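Colleague: Could you have a look at this structure, given as structure tokens, before my questions?
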Amino acid sequence: MNKTVIEMRNIIKRYYIGQPNELQILNGISLDIHEHEFVSIVGQSGSGKSTLMNMIGALDRPTEGTYLLNGVDISTLDDYELSRIRNQEIGFVFQTFNLISRTNALKNVEMPMMYAGMPRKQRLERAKELLKIVGMEDRADHQPNELSGGQKQRVAIARAMANKPSILLADEPTGALDSKTGRMIMDLFHKLHQEEGTTIVLITHSNELAAETERIITISDGSVISDTGVKEE
Amino acid sequence: MNFIENLRLALTSIAANKMRSVLTMLGIIIGISAVIMITTIGTSIQKTLVNTFNSIGNMNYFQLYVQVNYSSQEDDEIINYTDEDLISREMLDKLVNTYPDYFYLNMTESFGNFEMKNWKGQTFQASLTGRMNVEDDNDIKFVRGRKINKTDNDLHKQVMNVSTLFIEQYLPADADPIGQTVSTDLGDFVIVGVFELPSIYEKQIYKPGQKTIEKVTPVYVPYDTVMALTHTENSYNYFAEVYYNPEYDIDMLKNTLQEFFDDEYAEKPYMYIEIENMQTQLGMINTVINVITIAISVIAAISLIVGGVGVMNIMLVSITERTKEIGVRKALGAQNSAIRMQFVVEAILLCLIGGVIGIILGILGGMTIGYIAQTLVSQFYSEYAELFSITIQPSVPAILISVGFSILTGVFFGYYPANKAAKMNPIDALRYD
């Protein structure tokens with residue numbers, strides 16, 4: 001079995017702690033995700049899957065429980081260290097693409113590398129290479145508003161891959177796309193998974209998309225209710 | 001994430017909102033340009049004054065004034081002093097003989113206008129001025145002959161320096177002026193040199209009956225020659241000028257002078273000599289102008305605070321607008337410090353660009369006012385224009401301080417919004433629409 005990338009034990013997340021409207025979103029989630037896996041996390045809206053995604057993406061710390069990302073305990077890190085983790089270990093792909101509107105595709109891809117402190121020349125080369133992988137090398141100097149939804153998402157995926165993260169974390173990546181372009185994006189994920197060996201965590205409410213992945217984790221009311229388990233090789 | 005990256009980011013976002021950026025800068029532009037304009041005018045006045053003083057000529061002299069010492073006065077005592085208590089020529093000669101390295105006399109005195117008859121029998125006016133030595137006067141340009149010197153003075157020679165205007169009036173055009181004799185009320189003088197004067201030195205006399213203006217030209221004769229001719233070698237004066245050698249320390253010279261006269265007046269405690277100096281007077285005028293300039297500049301600088309608040313306001317709006325962008329940047333690994341730096345640099349750049357525009361406008365404004373003043377002077381006081389050329393000079397320290405102040409305004413008013421952006425929760429920021 002491959003190396004464990006994510007190791008979660010009894011993760012609990014509460015909001016408004018100590019107040020009358022205290023809310024527990026995650027009720028002790030435990031899960032392991034390994035290198036080169038293509039996992040989908042499925043759940044209805046309100047099931048806690050967004051909170052779980054924020055937790056996996058190191059945007060948030062658990063109230064209780066331990067989360068080891070590549071063996072590092074996330075819950076003990078400060079803001080600065082969390083930002084390093086997001087920069088180096090996580091590649092975010094959002095439903096609404098979230099490209100920075102005033103800068104072109106190339107600069108958007110360069111951004112995580114800029115925050116990593118990579119020299120300009122090196123970063124430019126890598127950004128071009130990434131745009132080539134997602135098939136957007138011709139559109140490098142286009143502004144986001146000159147790109148179609150599918151093209152934007154491909155640039156966003158290139159950006160997520162910039163610092164060779166341990167996990168590509170995609171939150172409803174096809175949610176804002178029509179079925180045809182959504183299909184193309186899913187094909188791109190499959191390609192990245194197969195050719196680059198990228199570990200992908202896909203968060204979706206669509207069972208159809210989830211069925212394409214190697215492993216399906218279903219969340220309901222803040223708990224894991226089913227896990228198809230690690231695919232045997 | 002280095003400074004250049006931040007600069008690039010800031011330029012992109014300032015350029016993305018040009019109209020808003022310019023309006024934001026307006027307060028800074030107005031504040032800085034007001035300060036620069038005022039300081040430009042201030043330094044120009046100063047420079048003009050200094051130039052004017054320098055053009056007057058040798059300023060290395062002390063002015064001596066006879067003063068009555070009222071503190072020595074007993075009750076009901078009336079101080080009666082006579083001419084013999086004033087500064088005598090004897091005293092001054094003694095001073096110069098005692099300290100030949102430090103002091104010398106260069107007396108100049110006007111002995112009034114006198115009427116001349118020229119070769120055609122027409123009358124014209126000239127003013128007779130006695131001077132000890134014309135040789136170190138660089139203001140007047142000699143066109144022929146030589147200047148009156150110390151030897152002429154000491155030997156009481158009856159020689160004269162006249163201006164080209166005098167020659168025009170006195171002699172036919174083709175006559176050689178050198179060696180010509182001029183008869184005055186005091187006696188006959190031989191012309192040894194001809195000079196050209198700036199027109200300001202020509203007196204203008206308005207003749208009421210004829211409604212004409214006549215130019216009166218000065219003629220120079222040796223001072224002591226006049227003293228000898230009028231038998232007033234030992235004159236007494238309330239006022240005297242003593243020239244000094246500027247190679248020596250001015251305070252030392254002043255003390256020496258004061259001690260000398262204190263000794264001279266030791267037996268006359270009811271009188272003393274007060275010593276003043278043009279250089280120190282000029283220094284005082286400069287100080288006054290400086291104080292006024294700084295005071296007005298500080299008032300103008302208050303508008304900078306208003307401008308700074310404007311920058312802060314726009315930065316806060318900008319940050320709210322770009323909440324989602326901040327969330328995305330944080331999700332992609334931007335550290336809080338990087339976000340903070342991005343917005344602080346943006347605020348600094350806004351203020352700095354505003355500051356530079358303000359400096360340029362301020363210099364242009366100050367120059368415009370200077371040129372208007374110059375034009376007015378040359379229009380209405382054309383004879384002063386030569387002497388009183390207005391020098392327009394922007395204040396370099398004010399420009400440097402303005403640049404520094406703009407940056408400081410950016411840091412001060414940019415930090416709060418930038419810090420607010422830096423501390424945003426990435427999850428909330430990402431969810432923001």
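Labels used: A, B, ... for chains in the order of the structure tokens, numbers from 1 for residues in each chain, and numbers from 1 for ligands as shown.
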Would you return as a PyMOL selection string the members of segment 22-140 of chain A that DSSP assigns to alpha helix (DSSP H) on this structure's backbone?

Modeller: chain A and resi 49-56+79-88+105-116+120-133

Colleague: For the interface of chain B with chain A (cut-off 9 Å, counting only C-alpha atoms), please tabulate each contacting residue of chain B alongside its nearest pair of atoms and their separation in Å to one decimal, rows sorted by chain and increasing number, as a tab-separated table.

Modeller:
residue	atom	partner	partner_atom	distance
B:Met1	CA	A:Gly117	CA	5.3
B:Asn2	CA	A:Gly117	CA	7.9
B:Glu5	CA	A:Met114	CA	8.2
B:Thr12	CA	A:Arg102	CA	7.4
B:Ser13	CA	A:Arg102	CA	7.4
B:Ala16	CA	A:Arg102	CA	7.2
B:Lys324	CA	A:Asn98	CA	8.0
B:Glu325	CA	A:Ile100	CA	6.3
B:Val328	CA	A:Asn98	CA	6.6
B:Arg329	CA	A:Pro112	CA	8.0
B:Lys330	CA	A:Ser83	CA	6.9
B:Ala331	CA	A:Arg86	CA	6.2
B:Leu332	CA	A:Asn87	CA	5.3
B:Gly333	CA	A:Asn87	CA	3.8
B:Ala334	CA	A:Tyr115	CA	5.6
B:Gln335	CA	A:Ser83	CA	5.5
B:Asn336	CA	A:Tyr80	CA	7.1
B:Ser337	CA	A:Tyr80	CA	8.6
B:Ala338	CA	A:Tyr115	CA	7.8
B:Asn425	CA	A:Leu59	CA	8.5
B:Pro426	CA	A:Leu59	CA	6.5
B:Ile427	CA	A:Leu59	CA	6.5
B:Leu430	CA	A:Asn98	CA	8.8

Colleague: Convert the current residue selection to file output with N, CA and C atoms, as a compact mmCIF listing (two decimals), in the first residue's frame.

Modeller:
# COMPACT_ATOMS: atom_id res chain seq x y z
N MET B 1 8.63 36.27 -1.87
CA MET B 1 7.79 37.41 -2.28
C MET B 1 8.57 38.69 -1.99
N ASN B 2 9.24 39.21 -2.98
CA ASN B 2 10.07 40.38 -2.71
C ASN B 2 9.35 41.68 -3.02
N GLU B 5 7.97 42.34 -6.63
CA GLU B 5 6.70 41.66 -6.91
C GLU B 5 5.54 42.49 -6.39
N THR B 12 -0.39 47.09 -10.95
CA THR B 12 -1.49 46.48 -11.68
C THR B 12 -2.83 46.96 -11.13
N SER B 13 -2.96 46.94 -9.80
CA SER B 13 -4.28 47.27 -9.26
C SER B 13 -4.55 48.77 -9.29
N ALA B 16 -5.61 49.35 -12.78
CA ALA B 16 -6.93 48.78 -13.07
C ALA B 16 -8.05 49.74 -12.71
N LYS B 324 -12.71 38.40 -1.90
CA LYS B 324 -12.62 37.07 -2.52
C LYS B 324 -11.18 36.82 -3.00
N GLU B 325 -10.62 37.85 -3.63
CA GLU B 325 -9.23 37.73 -4.12
C GLU B 325 -8.29 37.41 -2.95
N VAL B 328 -8.67 33.84 -2.02
CA VAL B 328 -8.01 32.95 -2.99
C VAL B 328 -6.51 32.96 -2.76
N ARG B 329 -5.96 34.15 -2.60
CA ARG B 329 -4.51 34.26 -2.38
C ARG B 329 -4.10 33.48 -1.13
N LYS B 330 -4.93 33.60 -0.09
CA LYS B 330 -4.60 32.88 1.14
C LYS B 330 -4.70 31.37 0.94
N ALA B 331 -5.73 30.93 0.21
CA ALA B 331 -5.88 29.50 -0.05
C ALA B 331 -4.69 28.98 -0.84
N LEU B 332 -4.12 29.83 -1.69
CA LEU B 332 -2.98 29.40 -2.51
C LEU B 332 -1.66 29.57 -1.78
N GLY B 333 -1.73 29.99 -0.53
CA GLY B 333 -0.52 29.98 0.28
C GLY B 333 0.08 31.34 0.59
N ALA B 334 -0.67 32.44 0.33
CA ALA B 334 -0.13 33.75 0.69
C ALA B 334 -0.11 33.88 2.20
N GLN B 335 1.04 34.26 2.74
CA GLN B 335 1.14 34.48 4.18
C GLN B 335 0.45 35.80 4.52
N ASN B 336 0.02 35.93 5.77
CA ASN B 336 -0.60 37.19 6.21
C ASN B 336 0.30 38.37 5.89
N SER B 337 1.60 38.16 6.12
CA SER B 337 2.54 39.27 5.91
C SER B 337 2.58 39.67 4.44
N ALA B 338 2.44 38.68 3.55
CA ALA B 338 2.47 38.99 2.12
C ALA B 338 1.26 39.83 1.72
N ASN B 425 -10.20 35.88 7.73
CA ASN B 425 -10.28 34.43 7.78
C ASN B 425 -10.44 33.92 6.35
N PRO B 426 -9.53 33.03 5.90
CA PRO B 426 -9.58 32.61 4.49
C PRO B 426 -10.91 31.97 4.09
N ILE B 427 -11.54 31.24 5.01
CA ILE B 427 -12.80 30.56 4.66
C ILE B 427 -13.90 31.59 4.39
N LEU B 430 -13.18 33.49 1.18
CA LEU B 430 -13.47 32.70 -0.02
C LEU B 430 -14.96 32.65 -0.30

Colleague: By how many Å are atom CA of Val134 of chain B and atom CA of Tyr220 of chain B apart?

Modeller: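 Distance between the two atoms: 8.4 Å.
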
Colleague: Would you list the contacts of segment 150-153 of chain A as an mmCIF file with all heavy atoms, in the first residue's frame, taking every protein, DNA or RNA residue within 10 Å and counting only C-alpha atoms, but skipping same-chain residues closer than 6 positions in sequence?

Modeller:
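Result written to out.cif:
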data_model
loop_
_atom_site.group_PDB
_atom_site.id
_atom_site.type_symbol
_atom_site.label_atom_id
_atom_site.label_comp_id
_atom_site.auth_asym_id
_atom_site.auth_seq_id
_atom_site.Cartn_x
_atom_site.Cartn_y
_atom_site.Cartn_z
ATOM 1 N N VAL A 93 -8.819 23.516 -6.221
ATOM 2 C CA VAL A 93 -9.590 23.803 -7.436
ATOM 3 C C VAL A 93 -11.005 24.130 -6.973
ATOM 4 O O VAL A 93 -11.634 23.330 -6.271
ATOM 5 C CB VAL A 93 -9.595 22.601 -8.412
ATOM 6 C CG1 VAL A 93 -10.441 22.911 -9.635
ATOM 7 C CG2 VAL A 93 -8.178 22.243 -8.821
ATOM 8 N N PHE A 94 -11.489 25.338 -7.317
ATOM 9 C CA PHE A 94 -12.780 25.795 -6.799
ATOM 10 C C PHE A 94 -13.870 25.636 -7.855
ATOM 11 O O PHE A 94 -13.609 25.615 -9.052
ATOM 12 C CB PHE A 94 -12.696 27.274 -6.411
ATOM 13 C CG PHE A 94 -11.622 27.588 -5.411
ATOM 14 C CD1 PHE A 94 -10.382 28.064 -5.812
ATOM 15 C CD2 PHE A 94 -11.855 27.394 -4.049
ATOM 16 C CE1 PHE A 94 -9.393 28.365 -4.884
ATOM 17 C CE2 PHE A 94 -10.860 27.705 -3.121
ATOM 18 C CZ PHE A 94 -9.626 28.182 -3.533
ATOM 19 N N GLN A 95 -15.103 25.616 -7.356
ATOM 20 C CA GLN A 95 -16.247 25.519 -8.254
ATOM 21 C C GLN A 95 -16.306 26.736 -9.187
ATOM 22 O O GLN A 95 -16.586 26.609 -10.371
ATOM 23 C CB GLN A 95 -17.528 25.455 -7.408
ATOM 24 C CG GLN A 95 -18.784 25.327 -8.245
ATOM 25 C CD GLN A 95 -20.016 25.145 -7.376
ATOM 26 O OE1 GLN A 95 -19.947 25.145 -6.154
ATOM 27 N NE2 GLN A 95 -21.155 24.970 -8.003
ATOM 28 N N THR A 96 -16.041 27.927 -8.610
ATOM 29 C CA THR A 96 -16.143 29.164 -9.413
ATOM 30 C C THR A 96 -14.778 29.637 -9.913
ATOM 31 O O THR A 96 -14.565 30.818 -10.160
ATOM 32 C CB THR A 96 -16.810 30.280 -8.599
ATOM 33 O OG1 THR A 96 -16.143 30.363 -7.332
ATOM 34 C CG2 THR A 96 -18.274 29.984 -8.344
ATOM 35 N N PHE A 97 -13.862 28.726 -10.036
ATOM 36 C CA PHE A 97 -12.516 28.944 -10.632
ATOM 37 C C PHE A 97 -11.621 29.876 -9.811
ATOM 38 O O PHE A 97 -10.462 29.577 -9.587
ATOM 39 C CB PHE A 97 -12.601 29.465 -12.082
ATOM 40 C CG PHE A 97 -13.798 28.983 -12.845
ATOM 41 C CD1 PHE A 97 -14.688 29.866 -13.428
ATOM 42 C CD2 PHE A 97 -14.057 27.613 -12.958
ATOM 43 C CE1 PHE A 97 -15.793 29.413 -14.119
ATOM 44 C CE2 PHE A 97 -15.158 27.152 -13.654
ATOM 45 C CZ PHE A 97 -16.036 28.062 -14.233
ATOM 46 N N ASN A 98 -12.190 31.063 -9.409
ATOM 47 C CA ASN A 98 -11.439 32.010 -8.573
ATOM 48 C C ASN A 98 -10.085 32.403 -9.133
ATOM 49 O O ASN A 98 -9.103 32.474 -8.412
ATOM 50 C CB ASN A 98 -11.246 31.442 -7.160
ATOM 51 C CG ASN A 98 -12.533 31.459 -6.379
ATOM 52 O OD1 ASN A 98 -13.483 32.122 -6.780
ATOM 53 N ND2 ASN A 98 -12.568 30.738 -5.284
ATOM 54 N N LEU A 99 -10.064 32.708 -10.440
ATOM 55 C CA LEU A 99 -8.832 33.278 -10.979
ATOM 56 C C LEU A 99 -8.806 34.759 -10.588
ATOM 57 O O LEU A 99 -9.844 35.381 -10.423
ATOM 58 C CB LEU A 99 -8.801 33.147 -12.504
ATOM 59 C CG LEU A 99 -8.790 31.715 -13.038
ATOM 60 C CD1 LEU A 99 -8.751 31.731 -14.564
ATOM 61 C CD2 LEU A 99 -7.609 30.913 -12.498
ATOM 62 N N ALA A 105 -3.553 34.566 -17.538
ATOM 63 C CA ALA A 105 -3.525 33.156 -17.153
ATOM 64 C C ALA A 105 -2.159 32.756 -16.599
ATOM 65 O O ALA A 105 -2.063 32.111 -15.551
ATOM 66 C CB ALA A 105 -3.883 32.296 -18.360
ATOM 67 N N VAL A 134 -2.265 21.270 -19.199
ATOM 68 C CA VAL A 134 -3.731 21.393 -19.239
ATOM 69 C C VAL A 134 -4.228 21.882 -20.602
ATOM 70 O O VAL A 134 -5.412 22.150 -20.778
ATOM 71 C CB VAL A 134 -4.257 22.327 -18.124
ATOM 72 C CG1 VAL A 134 -3.919 21.777 -16.751
ATOM 73 C CG2 VAL A 134 -3.720 23.741 -18.289
ATOM 74 N N GLY A 135 -3.309 22.019 -21.556
ATOM 75 C CA GLY A 135 -3.699 22.386 -22.916
ATOM 76 C C GLY A 135 -4.080 23.839 -23.077
ATOM 77 O O GLY A 135 -4.928 24.191 -23.893
ATOM 78 N N MET A 136 -3.479 24.714 -22.275
ATOM 79 C CA MET A 136 -3.834 26.139 -22.343
ATOM 80 C C MET A 136 -2.647 27.007 -22.734
ATOM 81 O O MET A 136 -2.657 28.212 -22.518
ATOM 82 C CB MET A 136 -4.362 26.603 -20.972
ATOM 83 C CG MET A 136 -5.724 26.061 -20.615
ATOM 84 S SD MET A 136 -7.002 26.751 -21.668
ATOM 85 C CE MET A 136 -6.954 28.445 -21.137
ATOM 86 N N ARG A 139 -3.190 30.265 -24.551
ATOM 87 C CA ARG A 139 -3.980 31.330 -23.924
ATOM 88 C C ARG A 139 -3.250 31.985 -22.740
ATOM 89 O O ARG A 139 -3.871 32.657 -21.931
ATOM 90 C CB ARG A 139 -5.305 30.746 -23.398
ATOM 91 C CG ARG A 139 -6.209 30.156 -24.448
ATOM 92 C CD ARG A 139 -6.945 31.270 -25.177
ATOM 93 N NE ARG A 139 -8.129 30.780 -25.860
ATOM 94 C CZ ARG A 139 -8.108 30.210 -27.065
ATOM 95 N NH1 ARG A 139 -6.954 30.062 -27.682
ATOM 96 N NH2 ARG A 139 -9.223 29.792 -27.629
ATOM 97 N N GLN A 143 -6.571 37.397 -20.322
ATOM 98 C CA GLN A 143 -7.155 37.724 -19.018
ATOM 99 C C GLN A 143 -8.279 36.720 -18.750
ATOM 100 O O GLN A 143 -8.876 36.199 -19.698
ATOM 101 C CB GLN A 143 -7.755 39.133 -19.057
ATOM 102 C CG GLN A 143 -6.780 40.244 -19.419
ATOM 103 C CD GLN A 143 -5.973 40.716 -18.230
ATOM 104 O OE1 GLN A 143 -6.478 40.779 -17.130
ATOM 105 N NE2 GLN A 143 -4.712 41.013 -18.453
ATOM 106 N N PRO A 144 -8.602 36.455 -17.480
ATOM 107 C CA PRO A 144 -9.661 35.497 -17.179
ATOM 108 C C PRO A 144 -10.985 35.781 -17.899
ATOM 109 O O PRO A 144 -11.653 34.858 -18.360
ATOM 110 C CB PRO A 144 -9.819 35.621 -15.667
ATOM 111 C CG PRO A 144 -8.484 36.047 -15.190
ATOM 112 C CD PRO A 144 -7.926 36.917 -16.271
ATOM 113 N N ARG A 159 -2.820 26.056 -11.969
ATOM 114 C CA ARG A 159 -2.380 26.841 -10.818
ATOM 115 C C ARG A 159 -2.295 25.958 -9.566
ATOM 116 O O ARG A 159 -1.345 26.059 -8.785
ATOM 117 C CB ARG A 159 -3.356 27.996 -10.588
ATOM 118 C CG ARG A 159 -2.982 28.913 -9.450
ATOM 119 C CD ARG A 159 -3.934 30.073 -9.324
ATOM 120 N NE ARG A 159 -5.260 29.638 -8.883
ATOM 121 C CZ ARG A 159 -6.287 30.469 -8.664
ATOM 122 N NH1 ARG A 159 -6.150 31.761 -8.873
ATOM 123 N NH2 ARG A 159 -7.450 30.010 -8.266
ATOM 124 N N PRO A 173 -15.672 20.801 -8.972
ATOM 125 C CA PRO A 173 -14.966 21.490 -10.063
ATOM 126 C C PRO A 173 -15.792 21.617 -11.339
ATOM 127 O O PRO A 173 -15.482 22.449 -12.178
ATOM 128 C CB PRO A 173 -13.735 20.616 -10.292
ATOM 129 C CG PRO A 173 -14.126 19.277 -9.803
ATOM 130 C CD PRO A 173 -15.060 19.489 -8.657
ATOM 131 N N THR A 174 -16.828 20.810 -11.471
ATOM 132 C CA THR A 174 -17.624 20.878 -12.700
ATOM 133 C C THR A 174 -18.968 21.536 -12.434
ATOM 134 O O THR A 174 -19.803 21.643 -13.315
ATOM 135 C CB THR A 174 -17.867 19.473 -13.283
ATOM 136 O OG1 THR A 174 -18.591 18.717 -12.294
ATOM 137 C CG2 THR A 174 -16.564 18.773 -13.585
ATOM 138 N N ALA A 176 -19.996 24.542 -12.072
ATOM 139 C CA ALA A 176 -20.386 25.748 -12.793
ATOM 140 C C ALA A 176 -20.229 25.576 -14.300
ATOM 141 O O ALA A 176 -20.241 26.542 -15.043
ATOM 142 C CB ALA A 176 -19.554 26.934 -12.304
ATOM 143 N N LEU A 177 -20.064 24.324 -14.743
ATOM 144 C CA LEU A 177 -19.806 24.093 -16.170
ATOM 145 C C LEU A 177 -20.935 23.270 -16.776
ATOM 146 O O LEU A 177 -21.628 22.532 -16.080
ATOM 147 C CB LEU A 177 -18.484 23.333 -16.339
ATOM 148 C CG LEU A 177 -17.237 24.026 -15.772
ATOM 149 C CD1 LEU A 177 -16.049 23.076 -15.833
ATOM 150 C CD2 LEU A 177 -16.948 25.308 -16.537
ATOM 151 N N ASP A 178 -21.098 23.409 -18.105
ATOM 152 C CA ASP A 178 -22.082 22.546 -18.765
ATOM 153 C C ASP A 178 -21.511 21.132 -18.844
ATOM 154 O O ASP A 178 -20.318 20.913 -18.615
ATOM 155 C CB ASP A 178 -22.433 23.095 -20.156
ATOM 156 C CG ASP A 178 -21.223 23.196 -21.044
ATOM 157 O OD1 ASP A 178 -20.642 22.133 -21.371
ATOM 158 O OD2 ASP A 178 -20.820 24.338 -21.380
ATOM 159 N N LYS A 180 -20.715 19.085 -21.117
ATOM 160 C CA LYS A 180 -19.646 18.759 -22.070
ATOM 161 C C LYS A 180 -18.277 19.220 -21.540
ATOM 162 O O LYS A 180 -17.315 18.446 -21.524
ATOM 163 C CB LYS A 180 -19.948 19.438 -23.414
ATOM 164 C CG LYS A 180 -19.186 18.818 -24.559
ATOM 165 C CD LYS A 180 -19.666 19.382 -25.887
ATOM 166 C CE LYS A 180 -18.529 19.385 -26.892
ATOM 167 N NZ LYS A 180 -18.569 20.541 -27.782
ATOM 168 N N THR A 181 -18.228 20.490 -21.102
ATOM 169 C CA THR A 181 -16.952 20.979 -20.559
ATOM 170 C C THR A 181 -16.647 20.303 -19.236
ATOM 171 O O THR A 181 -15.485 20.042 -18.919
ATOM 172 C CB THR A 181 -16.955 22.516 -20.389
ATOM 173 O OG1 THR A 181 -18.231 22.919 -19.937
ATOM 174 C CG2 THR A 181 -16.637 23.216 -21.678
ATOM 175 N N GLY A 182 -17.709 19.983 -18.467
ATOM 176 C CA GLY A 182 -17.514 19.256 -17.219
ATOM 177 C C GLY A 182 -16.832 17.927 -17.478
ATOM 178 O O GLY A 182 -15.911 17.522 -16.761
ATOM 179 N N ARG A 183 -17.229 17.307 -18.540
ATOM 180 C CA ARG A 183 -16.637 16.028 -18.955
ATOM 181 C C ARG A 183 -15.143 16.208 -19.245
ATOM 182 O O ARG A 183 -14.298 15.422 -18.837
ATOM 183 C CB ARG A 183 -17.395 15.552 -20.209
ATOM 184 C CG ARG A 183 -17.023 14.241 -20.809
ATOM 185 C CD ARG A 183 -17.369 13.065 -19.908
ATOM 186 N NE ARG A 183 -16.168 12.573 -19.262
ATOM 187 C CZ ARG A 183 -16.135 12.017 -18.043
ATOM 188 N NH1 ARG A 183 -17.251 11.893 -17.316
ATOM 189 N NH2 ARG A 183 -15.017 11.589 -17.530
ATOM 190 N N MET A 184 -14.824 17.310 -19.958
ATOM 191 C CA MET A 184 -13.426 17.567 -20.309
ATOM 192 C C MET A 184 -12.572 17.760 -19.055
ATOM 193 O O MET A 184 -11.439 17.278 -18.983
ATOM 194 C CB MET A 184 -13.320 18.827 -21.188
ATOM 195 C CG MET A 184 -13.654 18.565 -22.643
ATOM 196 S SD MET A 184 -14.018 20.099 -23.521
ATOM 197 C CE MET A 184 -12.419 20.876 -23.486
ATOM 198 N N ILE A 185 -13.154 18.455 -18.066
ATOM 199 C CA ILE A 185 -12.414 18.693 -16.823
ATOM 200 C C ILE A 185 -12.184 17.367 -16.097
ATOM 201 O O ILE A 185 -11.083 17.075 -15.620
ATOM 202 C CB ILE A 185 -13.156 19.702 -15.923
ATOM 203 C CG1 ILE A 185 -13.184 21.099 -16.575
ATOM 204 C CG2 ILE A 185 -12.528 19.787 -14.526
ATOM 205 C CD1 ILE A 185 -11.832 21.722 -16.848
#

Colleague: Which residues, written as an NGL selection string, have at least one atom at most 12 Å from Ala211 of chain A, with only C-alpha atoms counted and residues fewer than 4 positions away on the same chain left out?

Modeller: :A and (38-42 or 186 or 202 or 204-207 or 215-218 or 228)

Colleague: Do a neighbour search on Ile401 of chain B at 12 Å with only C-alpha atoms, toss out local chain neighbours closer than 3 positions, and write the hits as an NGL selection string.

Modeller: :B and (32 or 35-36 or 39 or 297 or 301 or 352 or 355-356 or 359 or 395-398 or 404-409)

Colleague: For Phe260 of chain B, find every residue with an atom within 10 Å (counting only C-alpha atoms), except residues of its own chain fewer than 4 positions away, and show them as JSON, numbers by chain.

Modeller: {"B": [91, 94, 95, 98, 254, 255, 256, 264, 265, 266, 273]}

Colleague: Create the file for the chosen residues now, containing C-alpha atoms and written as a short mmCIF file (atom, residue, chain, number, x, y, z; two decimals), in the first residue's frame.

Modeller:
data_model
loop_
_atom_site.label_atom_id
_atom_site.label_comp_id
_atom_site.auth_asym_id
_atom_site.auth_seq_id
_atom_site.Cartn_x
_atom_site.Cartn_y
_atom_site.Cartn_z
CA MET B 91 39.53 107.75 16.11
CA LYS B 94 43.82 105.35 15.00
CA LEU B 95 41.79 102.15 14.70
CA THR B 98 46.36 99.94 15.35
CA LYS B 254 33.56 92.61 16.19
CA ASN B 255 34.93 92.06 19.71
CA THR B 256 38.18 93.81 18.80
CA GLU B 264 37.97 105.30 23.44
CA TYR B 265 34.81 106.02 25.36
CA ALA B 266 36.14 104.91 28.76
CA ILE B 273 29.26 102.63 20.21
#

Colleague: Please provide the set of residues having any atom within 6 Å of Ile25 of chain A, restricted to only C-alpha atoms, with same-chain residues fewer than 4 positions apart removed, written as a ChimeraX atom specification.

Modeller: /A:13-14,48,222

Colleague: Work out how far atom CA of Tyr61 of chain B is from atom CA of Asn245 of chain B, in Å to one decimal.

Modeller: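 Computing it gives 8.7 Å between the two atoms.
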
Colleague: Which residue, B:Glu274, B:Asp174, B:Asp152, B:Asp101, has the smallest gap to Glu247 of chain B when you use only C-alpha atoms?

Modeller: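 Among the listed residues, the smallest separation from Glu247 of chain B belongs to B:Asp101.
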
Colleague: Taking only C-alpha atoms into account, name the residue in A:Val109, A:Ala140, A:Ile56, A:Val155 that is nearest to Ile203 of chain A.

Modeller: A:Ile56

Colleague: Work out how far atom CA of Val344 of chain B is from atom CA of Phe3 of chain B, in Å to one decimal.

Modeller: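 Interatomic distance, atom CA of Phe3 of chain B to atom CA of Val344 of chain B: 11.2 Å.
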
Colleague: Pick out each residue of segment 247-345 of chain B that DSSP on the backbone tags as strand (DSSP E); I need them as a list in words.

Modeller: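 Strand (DSSP E) assignments inside segment 247-345 of chain B correspond to Met271, Tyr272, Ile273, Glu274, Ile275, Glu276 and Asn277 of chain B.
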
Colleague: My list of candidates is B:Thr43, B:Thr129, B:Asn234, B:Asn118. Which is closest to Thr181 of chain B when distances are computed with only C-alpha atoms?

Modeller: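 Smallest separation from Thr181 of chain B among the options: B:Asn118.
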
Colleague: Give me, as CSV, the closest atom pair and its distance (Å, one decimal) for every residue of segment 15-88 of chain B within a cut-off of 12 Å of segment 315-322 of chain B, counting only C-alpha atoms, rows sorted by chain and rising number.

Modeller:
residue,atom,partner,partner_atom,distance
B:Ala16,CA,B:Ser318,CA,11.6
B:Asn17,CA,B:Ser318,CA,10.0
B:Arg20,CA,B:Ser318,CA,10.2
B:Ser21,CA,B:Met315,CA,10.1
B:Thr24,CA,B:Met315,CA,9.4
B:Met25,CA,B:Met315,CA,11.8
